[in-house]
Amino acid sequence: MGFVDYVQAIIDGLLFGTTYSLIGIGFTLVFGVMHKINMSYAAASLAGAYCGLIGPQMLGLPPWSVFPLSIVAAGVIGYVIYLTCFRFIPLASPLATLMSTVGMLLLVDEIVVHATAGMPQNYPAIYDGDPIELGPFILRADLVGVFLICVVAMAVLLALLYRTRLGMATRAVAQQPVAAQLCGMRLQAVNGLTFVVAGLLGGVAGAMIGASVGMLSPLIAGTITVKGLIVTVIGGLGSIPGAIVAGLLVGAAENLFQAVRNVTERDIYVMLLLFAFLVLRPGGLFAAARGRD
Amino acid sequence: MLEVSDIVTAYGKIEALKGVSLSVDAGRITCLLGPNGAGKTTLMYTIAGILRPRRGSVRLQGAELVGQTADRVVSSGIALVPENRLVFPQMSVAENLAAGAYLRRDRSTIAADTERMFARFPVLKERRAQAAGTLSGGEQQMLAVARALMSRPKLLMMDEPSIGLAPLVVAEIFRIVEELNRDGITIFMVEQNAHLALKVAHRFFLMEQGRVTFAGAPGDVAQDDVIRRAYLGSAKVP
């Protein structure tokens, strides 16, 4: 293993890290408006990706249909999770939604295991062209596709948040819910739509994870949940730019750890990275004095 | 214009409002005085549709507001400048104003109103691209008033607009209140600073321990007693 291999590992990690960024953004978005963690988010995102497989496997649709179907399904699941785990749960109790969403995480996992009989399901690649050679480095064409799609998803989200009425309402509710209502914004409608938007984003992430791994298995949900939470903590709860950068950072770091050590030791170092952040920068990458009234 | 009758609002078992009735006349400035904990802010949030009363009615020009959601109250023509201003701290000044016009759809009249706000509050124009959380307390109060006006209210409610502000800034806020009133906006204001409130008010109500205990116009009673009770509450409440 030489320098070129390490840089190669970092490049591959950065490309795949965009899926972690999306998952981190989803956690952060919901935390922004509800001030609660939705523990079932990553599992639900992967469940959306599983639902996408119904198209080609059972309805005879073309293989590419798996991607839009995954995204739509994850959006619907996001709204169902809002209704079941948040809408009618007493939000004043900090543990109530933690319990309801952990319960949902287990339920989603069980449904997936039951529906697939626990067998890994093949997932189509986004693109199978020749690798792109950049000097001594090789970019996997499908990973470049994953990267581009994730970047587009982030751009669409940012445009939605900063250029539309719904986006303004989402930010207003996140920053000052009482004032948002006094401006005529409907709290529950905004909260529900935020879950749908986060769900759609999770659907993109779930589909892209399936596409780059080449399959989905029930074992992935736990890992992605933990990675997503690590990204959220490193990026700072509630910070979208933080989640983007942290996703890339975790993606690159884990691939580098894997190259330097090996795959079985990889996640040990990712956890150490988390602890380092918790001790040294508990507020996340971009923590700064925030103006709050 | 606004008729509040027999409103009871409770937090759990504790009744913060124990049957409040009062009225606000169109085109006037009405002040609600009273000591801390009298229920003034609870009344404001109840009228605005943020809190739901146990019973009673709130009518704006005859239309019942109890049971309506906060967004319906806004579209019926009531805007509340909340206690402690509650600006959106990470949004720019201009975005805060746009949020105030959330229920309006016509871009050209919104743009015209934004310019009018900048003319009325020049400091907001200077700071239009700045995050609202970085403004001073007085500037945030101006922004909160301007944001409320962006919904084009018939009735502007203000909850303690002078709290925590320097005397010069307070004088400026009260000048603006009178100016808005001259432009035809009905004002219903909660104020702890009874001296100042009685200077601008056409009518006032005194609230103590969840009830309205006095109603009058400045000048028609010995004001000293009202002012003392506004700050301290009276020893005996029926």
# chains A, B, ... in the order shown; residues from 1 in each chain; ligands from 1
$ closest_atom_pairs --of "chain B" --to "chain A" --cutoff "9 Å" --atoms "only C-alpha atoms" --output "CSV"
residue,atom,partner,partner_atom,distance
B:Ala48,CA,A:Leu182,CA,7.3
B:Gly49,CA,A:Leu182,CA,8.6
B:Ile50,CA,A:Gln181,CA,7.5
B:Thr69,CA,A:Arg186,CA,8.3
B:Ala70,CA,A:Gln181,CA,6.1
B:Asp71,CA,A:Gly184,CA,3.8
B:Arg72,CA,A:Gly184,CA,7.3
B:Val73,CA,A:Gly184,CA,8.0
B:Val74,CA,A:Gly184,CA,5.9
B:Ser75,CA,A:Gly184,CA,7.5
B:Ala79,CA,A:Leu182,CA,7.0
B:Leu80,CA,A:Leu182,CA,6.6
B:Val81,CA,A:Leu182,CA,8.4
B:Pro82,CA,A:Ala179,CA,7.5
B:Asn84,CA,A:Asp293,CA,7.4
B:Arg85,CA,A:Asp293,CA,8.0
B:Leu86,CA,A:Ala179,CA,6.0
B:Val87,CA,A:Ala179,CA,7.1
B:Phe88,CA,A:Gln175,CA,5.8
B:Pro89,CA,A:Gly291,CA,5.7
B:Gln90,CA,A:Gly291,CA,7.1
B:Met91,CA,A:Ala172,CA,8.2
B:Glu95,CA,A:Met168,CA,8.3
B:Asn96,CA,A:Ala172,CA,8.7
B:Ala98,CA,A:Met168,CA,8.8
B:Ala99,CA,A:Cys183,CA,6.4
B:Gly100,CA,A:Cys183,CA,5.1
B:Ala101,CA,A:Cys183,CA,7.2
B:Tyr102,CA,A:Cys183,CA,6.3
B:Leu103,CA,A:Gly184,CA,6.2
B:Ala131,CA,A:Gly291,CA,8.6
B:Ala132,CA,A:Gly291,CA,8.2
B:Gly133,CA,A:Gly291,CA,4.6
B:Thr134,CA,A:Gly291,CA,6.5
B:Arg147,CA,A:Cys183,CA,8.2
B:Ala148,CA,A:Cys183,CA,7.4
B:Ser151,CA,A:Cys183,CA,7.6
$ atom_distance --atom1 "atom CA of Gly219 of chain B" --atom2 "atom CA of Leu206 of chain B"
14.5 Å
$ select_by_dssp --residues "segment 59-223 of chain B" --states "helix (DSSP H, G or I)" --output "mmCIF file with C-alpha atoms, in the first residue's frame"
data_model
loop_
_atom_site.group_PDB
_atom_site.id
_atom_site.type_symbol
_atom_site.label_atom_id
_atom_site.label_comp_id
_atom_site.auth_asym_id
_atom_site.auth_seq_id
_atom_site.Cartn_x
_atom_site.Cartn_y
_atom_site.Cartn_z
ATOM 1 C CA ALA B 70 -53.712 30.588 14.382
ATOM 2 C CA ASP B 71 -53.385 30.936 10.594
ATOM 3 C CA ARG B 72 -57.125 31.671 10.302
ATOM 4 C CA VAL B 73 -56.822 34.322 12.991
ATOM 5 C CA VAL B 74 -54.010 35.961 11.031
ATOM 6 C CA SER B 75 -55.984 35.902 7.798
ATOM 7 C CA VAL B 93 -34.270 41.041 8.175
ATOM 8 C CA ALA B 94 -35.780 40.889 4.683
ATOM 9 C CA GLU B 95 -36.680 37.209 5.135
ATOM 10 C CA ASN B 96 -38.345 37.945 8.474
ATOM 11 C CA LEU B 97 -40.544 40.486 6.680
ATOM 12 C CA ALA B 98 -41.305 37.959 3.941
ATOM 13 C CA ALA B 99 -42.313 35.456 6.642
ATOM 14 C CA GLY B 100 -44.733 38.044 8.014
ATOM 15 C CA ARG B 107 -45.745 39.568 -4.909
ATOM 16 C CA SER B 108 -46.043 43.145 -6.112
ATOM 17 C CA THR B 109 -48.036 44.401 -3.114
ATOM 18 C CA ILE B 110 -45.730 42.481 -0.772
ATOM 19 C CA ALA B 111 -42.730 44.198 -2.362
ATOM 20 C CA ALA B 112 -44.447 47.581 -2.019
ATOM 21 C CA ASP B 113 -45.239 46.907 1.648
ATOM 22 C CA THR B 114 -41.649 45.825 2.286
ATOM 23 C CA GLU B 115 -40.463 49.165 0.915
ATOM 24 C CA ARG B 116 -42.986 50.959 3.133
ATOM 25 C CA MET B 117 -41.604 49.122 6.164
ATOM 26 C CA PHE B 118 -38.083 50.168 5.192
ATOM 27 C CA ALA B 119 -39.308 53.766 4.903
ATOM 28 C CA ARG B 120 -40.975 53.595 8.321
ATOM 29 C CA PRO B 122 -34.915 53.029 8.235
ATOM 30 C CA VAL B 123 -32.659 50.972 10.515
ATOM 31 C CA LEU B 124 -34.210 47.792 9.087
ATOM 32 C CA LYS B 125 -33.316 48.922 5.588
ATOM 33 C CA GLU B 126 -29.696 49.372 6.622
ATOM 34 C CA ALA B 132 -32.092 39.069 12.720
ATOM 35 C CA GLY B 133 -30.360 37.424 15.700
ATOM 36 C CA THR B 134 -27.520 39.933 15.396
ATOM 37 C CA GLY B 137 -33.086 44.521 21.202
ATOM 38 C CA GLY B 138 -34.664 47.734 19.933
ATOM 39 C CA GLU B 139 -34.006 46.807 16.313
ATOM 40 C CA GLN B 140 -35.500 43.364 16.895
ATOM 41 C CA GLN B 141 -38.600 45.013 18.355
ATOM 42 C CA MET B 142 -38.918 47.210 15.248
ATOM 43 C CA LEU B 143 -38.504 44.111 13.105
ATOM 44 C CA ALA B 144 -41.158 42.219 15.073
ATOM 45 C CA VAL B 145 -43.592 45.118 14.600
ATOM 46 C CA ALA B 146 -42.775 45.384 10.893
ATOM 47 C CA ARG B 147 -43.132 41.617 10.456
ATOM 48 C CA ALA B 148 -46.581 41.724 12.078
ATOM 49 C CA LEU B 149 -47.619 44.645 9.854
ATOM 50 C CA PRO B 167 -35.776 54.586 27.450
ATOM 51 C CA LEU B 168 -34.956 56.320 24.160
ATOM 52 C CA VAL B 169 -35.854 53.189 22.210
ATOM 53 C CA VAL B 170 -39.059 52.804 24.203
ATOM 54 C CA ALA B 171 -40.039 56.377 23.333
ATOM 55 C CA GLU B 172 -39.389 55.577 19.669
ATOM 56 C CA ILE B 173 -41.590 52.455 19.847
ATOM 57 C CA PHE B 174 -44.440 54.421 21.409
ATOM 58 C CA ARG B 175 -44.069 57.130 18.774
ATOM 59 C CA ILE B 176 -44.462 54.444 16.119
ATOM 60 C CA VAL B 177 -47.500 53.000 17.905
ATOM 61 C CA GLU B 178 -49.244 56.370 17.794
ATOM 62 C CA GLU B 179 -48.231 56.847 14.169
ATOM 63 C CA LEU B 180 -49.657 53.444 13.198
ATOM 64 C CA ASN B 181 -52.849 54.265 15.027
ATOM 65 C CA ARG B 182 -53.170 57.573 13.141
ATOM 66 C CA ALA B 194 -48.243 51.934 33.080
ATOM 67 C CA HIS B 195 -47.074 55.563 33.019
ATOM 68 C CA LEU B 196 -46.187 55.341 29.341
ATOM 69 C CA ALA B 197 -49.198 53.228 28.437
ATOM 70 C CA LEU B 198 -51.631 55.691 30.004
ATOM 71 C CA LYS B 199 -50.043 58.481 27.964
ATOM 72 C CA VAL B 200 -50.902 56.912 24.600
ATOM 73 C CA GLN B 223 -54.578 57.185 38.163
#
$ residues_around --residues "Met208 of chain A" --least-positions-apart "2" --cutoff "10 Å" --atoms "only C-alpha atoms" --output "ChimeraX atom specification"
/A:16,18-19,46,49,67,70,123-126,142-143,145-147,149-150,202-206,210-214
$ write_last_selection --atoms "C-alpha atoms" --output "tab-separated table (two decimals), in the first residue's frame"
chain	number	residue	atom	x	y	z
A	16	PHE	CA	-19.73	7.11	-1.31
A	18	THR	CA	-22.44	11.65	-0.15
A	19	THR	CA	-24.96	8.94	0.80
A	46	LEU	CA	-33.50	1.51	3.25
A	49	ALA	CA	-35.13	1.25	-1.35
A	67	PHE	CA	-34.77	4.32	-8.34
A	70	SER	CA	-37.53	3.86	-3.94
A	123	TYR	CA	-29.80	-4.04	-6.41
A	124	PRO	CA	-29.03	-2.60	-9.86
A	125	ALA	CA	-26.04	-0.30	-10.32
A	126	ILE	CA	-26.80	3.24	-11.35
A	142	ASP	CA	-21.13	3.90	-10.89
A	143	LEU	CA	-19.77	5.63	-7.78
A	145	GLY	CA	-23.03	8.43	-10.76
A	146	VAL	CA	-23.99	7.94	-7.08
A	147	PHE	CA	-21.98	11.01	-6.16
A	149	ILE	CA	-27.15	12.05	-7.93
A	150	CYS	CA	-26.56	12.74	-4.24
A	202	GLY	CA	-33.58	9.13	2.48
A	203	GLY	CA	-35.03	7.28	-0.50
A	204	VAL	CA	-32.27	8.71	-2.70
A	205	ALA	CA	-29.69	7.71	-0.10
A	206	GLY	CA	-31.13	4.20	0.33
A	210	GLY	CA	-28.09	-0.27	-2.69
A	211	ALA	CA	-26.70	0.73	-6.07
A	212	SER	CA	-23.11	1.12	-4.90
A	213	VAL	CA	-23.06	-1.98	-2.67
A	214	GLY	CA	-24.88	-3.98	-5.34
$ select_by_dssp --residues "segment 78-146 of chain A" --states "strand (DSSP E or B)" --output "list of chain:residue names"
A:Gln121, A:Asn122, A:Ile132, A:Glu133, A:Leu134, A:Phe137, A:Ile138, A:Leu139
$ atom_distance --atom1 "atom CA of Arg127 of chain B" --atom2 "atom CA of Ser92 of chain B"
8.3 Å
$ decode --residues "segment 201-230 of chain A" --atoms "N, CA, C and O atoms" --output "mmCIF file, in the first residue's frame"
data_model
loop_
_atom_site.group_PDB
_atom_site.id
_atom_site.type_symbol
_atom_site.label_atom_id
_atom_site.label_comp_id
_atom_site.auth_asym_id
_atom_site.auth_seq_id
_atom_site.Cartn_x
_atom_site.Cartn_y
_atom_site.Cartn_z
ATOM 1 N N LEU A 201 -35.420 12.331 0.548
ATOM 2 C CA LEU A 201 -33.957 12.394 0.564
ATOM 3 C C LEU A 201 -33.379 11.046 1.000
ATOM 4 O O LEU A 201 -32.395 10.551 0.437
ATOM 5 N N GLY A 202 -34.015 10.437 2.018
ATOM 6 C CA GLY A 202 -33.579 9.133 2.484
ATOM 7 C C GLY A 202 -33.746 8.075 1.405
ATOM 8 O O GLY A 202 -32.925 7.165 1.281
ATOM 9 N N GLY A 203 -34.815 8.219 0.604
ATOM 10 C CA GLY A 203 -35.028 7.283 -0.497
ATOM 11 C C GLY A 203 -33.887 7.347 -1.495
ATOM 12 O O GLY A 203 -33.395 6.309 -1.975
ATOM 13 N N VAL A 204 -33.432 8.561 -1.803
ATOM 14 C CA VAL A 204 -32.274 8.714 -2.696
ATOM 15 C C VAL A 204 -31.066 8.021 -2.073
ATOM 16 O O VAL A 204 -30.370 7.231 -2.729
ATOM 17 N N ALA A 205 -30.851 8.306 -0.767
ATOM 18 C CA ALA A 205 -29.687 7.714 -0.097
ATOM 19 C C ALA A 205 -29.779 6.183 -0.092
ATOM 20 O O ALA A 205 -28.802 5.498 -0.425
ATOM 21 N N GLY A 206 -30.958 5.661 0.272
ATOM 22 C CA GLY A 206 -31.127 4.203 0.332
ATOM 23 C C GLY A 206 -30.879 3.561 -1.021
ATOM 24 O O GLY A 206 -30.169 2.555 -1.128
ATOM 25 N N ALA A 207 -31.454 4.164 -2.079
ATOM 26 C CA ALA A 207 -31.268 3.612 -3.428
ATOM 27 C C ALA A 207 -29.797 3.668 -3.833
ATOM 28 O O ALA A 207 -29.268 2.722 -4.438
ATOM 29 N N MET A 208 -29.121 4.766 -3.489
ATOM 30 C CA MET A 208 -27.726 4.912 -3.897
ATOM 31 C C MET A 208 -26.820 3.968 -3.093
ATOM 32 O O MET A 208 -25.814 3.470 -3.608
ATOM 33 N N ILE A 209 -27.187 3.717 -1.843
ATOM 34 C CA ILE A 209 -26.414 2.737 -1.059
ATOM 35 C C ILE A 209 -26.581 1.351 -1.696
ATOM 36 O O ILE A 209 -25.597 0.638 -1.940
ATOM 37 N N GLY A 210 -27.847 1.003 -2.013
ATOM 38 C CA GLY A 210 -28.091 -0.273 -2.685
ATOM 39 C C GLY A 210 -27.330 -0.367 -3.991
ATOM 40 O O GLY A 210 -26.709 -1.385 -4.306
ATOM 41 N N ALA A 211 -27.343 0.731 -4.760
ATOM 42 C CA ALA A 211 -26.699 0.725 -6.069
ATOM 43 C C ALA A 211 -25.188 0.593 -5.957
ATOM 44 O O ALA A 211 -24.564 -0.088 -6.768
ATOM 45 N N SER A 212 -24.577 1.212 -4.950
ATOM 46 C CA SER A 212 -23.114 1.121 -4.901
ATOM 47 C C SER A 212 -22.651 -0.163 -4.222
ATOM 48 O O SER A 212 -21.582 -0.674 -4.550
ATOM 49 N N VAL A 213 -23.447 -0.710 -3.285
ATOM 50 C CA VAL A 213 -23.063 -1.983 -2.669
ATOM 51 C C VAL A 213 -23.414 -3.152 -3.602
ATOM 52 O O VAL A 213 -22.776 -4.196 -3.568
ATOM 53 N N GLY A 214 -24.467 -2.933 -4.421
ATOM 54 C CA GLY A 214 -24.882 -3.982 -5.341
ATOM 55 C C GLY A 214 -25.982 -4.866 -4.775
ATOM 56 O O GLY A 214 -26.511 -5.726 -5.469
ATOM 57 N N MET A 215 -26.313 -4.654 -3.517
ATOM 58 C CA MET A 215 -27.401 -5.428 -2.910
ATOM 59 C C MET A 215 -27.854 -4.727 -1.640
ATOM 60 O O MET A 215 -27.194 -3.840 -1.116
ATOM 61 N N LEU A 216 -29.041 -5.151 -1.165
ATOM 62 C CA LEU A 216 -29.533 -4.682 0.126
ATOM 63 C C LEU A 216 -29.675 -5.896 1.027
ATOM 64 O O LEU A 216 -30.152 -6.933 0.595
ATOM 65 N N SER A 217 -29.240 -5.737 2.284
ATOM 66 C CA SER A 217 -29.460 -6.824 3.222
ATOM 67 C C SER A 217 -29.896 -6.210 4.543
ATOM 68 O O SER A 217 -29.582 -5.057 4.837
ATOM 69 N N PRO A 218 -30.626 -6.964 5.360
ATOM 70 C CA PRO A 218 -31.085 -6.415 6.640
ATOM 71 C C PRO A 218 -29.924 -5.975 7.533
ATOM 72 O O PRO A 218 -30.120 -5.188 8.437
ATOM 73 N N LEU A 219 -28.718 -6.475 7.245
ATOM 74 C CA LEU A 219 -27.568 -6.110 8.078
ATOM 75 C C LEU A 219 -27.154 -4.657 7.879
ATOM 76 O O LEU A 219 -26.493 -4.066 8.721
ATOM 77 N N ILE A 220 -27.534 -4.080 6.719
ATOM 78 C CA ILE A 220 -27.065 -2.719 6.414
ATOM 79 C C ILE A 220 -27.734 -1.684 7.316
ATOM 80 O O ILE A 220 -27.122 -0.689 7.690
ATOM 81 N N ALA A 221 -29.007 -1.918 7.690
ATOM 82 C CA ALA A 221 -29.780 -0.882 8.381
ATOM 83 C C ALA A 221 -29.088 -0.389 9.649
ATOM 84 O O ALA A 221 -28.991 0.818 9.885
ATOM 85 N N GLY A 222 -28.588 -1.342 10.465
ATOM 86 C CA GLY A 222 -27.944 -0.948 11.715
ATOM 87 C C GLY A 222 -26.728 -0.069 11.466
ATOM 88 O O GLY A 222 -26.560 0.984 12.093
ATOM 89 N N THR A 223 -25.884 -0.516 10.514
ATOM 90 C CA THR A 223 -24.673 0.246 10.201
ATOM 91 C C THR A 223 -25.013 1.662 9.743
ATOM 92 O O THR A 223 -24.394 2.629 10.197
ATOM 93 N N ILE A 224 -25.995 1.761 8.833
ATOM 94 C CA ILE A 224 -26.314 3.082 8.285
ATOM 95 C C ILE A 224 -26.935 3.980 9.358
ATOM 96 O O ILE A 224 -26.671 5.184 9.402
ATOM 97 N N THR A 225 -27.731 3.383 10.249
ATOM 98 C CA THR A 225 -28.290 4.173 11.353
ATOM 99 C C THR A 225 -27.160 4.783 12.182
ATOM 100 O O THR A 225 -27.151 5.981 12.475
ATOM 101 N N VAL A 226 -26.190 3.932 12.541
ATOM 102 C CA VAL A 226 -25.080 4.414 13.375
ATOM 103 C C VAL A 226 -24.253 5.453 12.618
ATOM 104 O O VAL A 226 -23.930 6.520 13.147
ATOM 105 N N LYS A 227 -23.944 5.173 11.340
ATOM 106 C CA LYS A 227 -23.146 6.135 10.557
ATOM 107 C C LYS A 227 -23.905 7.456 10.412
ATOM 108 O O LYS A 227 -23.327 8.542 10.527
ATOM 109 N N GLY A 228 -25.212 7.358 10.167
ATOM 110 C CA GLY A 228 -26.014 8.575 10.015
ATOM 111 C C GLY A 228 -25.998 9.408 11.283
ATOM 112 O O GLY A 228 -25.855 10.635 11.235
ATOM 113 N N LEU A 229 -26.126 8.741 12.445
ATOM 114 C CA LEU A 229 -26.101 9.483 13.709
ATOM 115 C C LEU A 229 -24.726 10.089 13.955
ATOM 116 O O LEU A 229 -24.605 11.213 14.441
ATOM 117 N N ILE A 230 -23.662 9.343 13.598
ATOM 118 C CA ILE A 230 -22.307 9.884 13.758
ATOM 119 C C ILE A 230 -22.140 11.128 12.891
ATOM 120 O O ILE A 230 -21.631 12.162 13.338
#
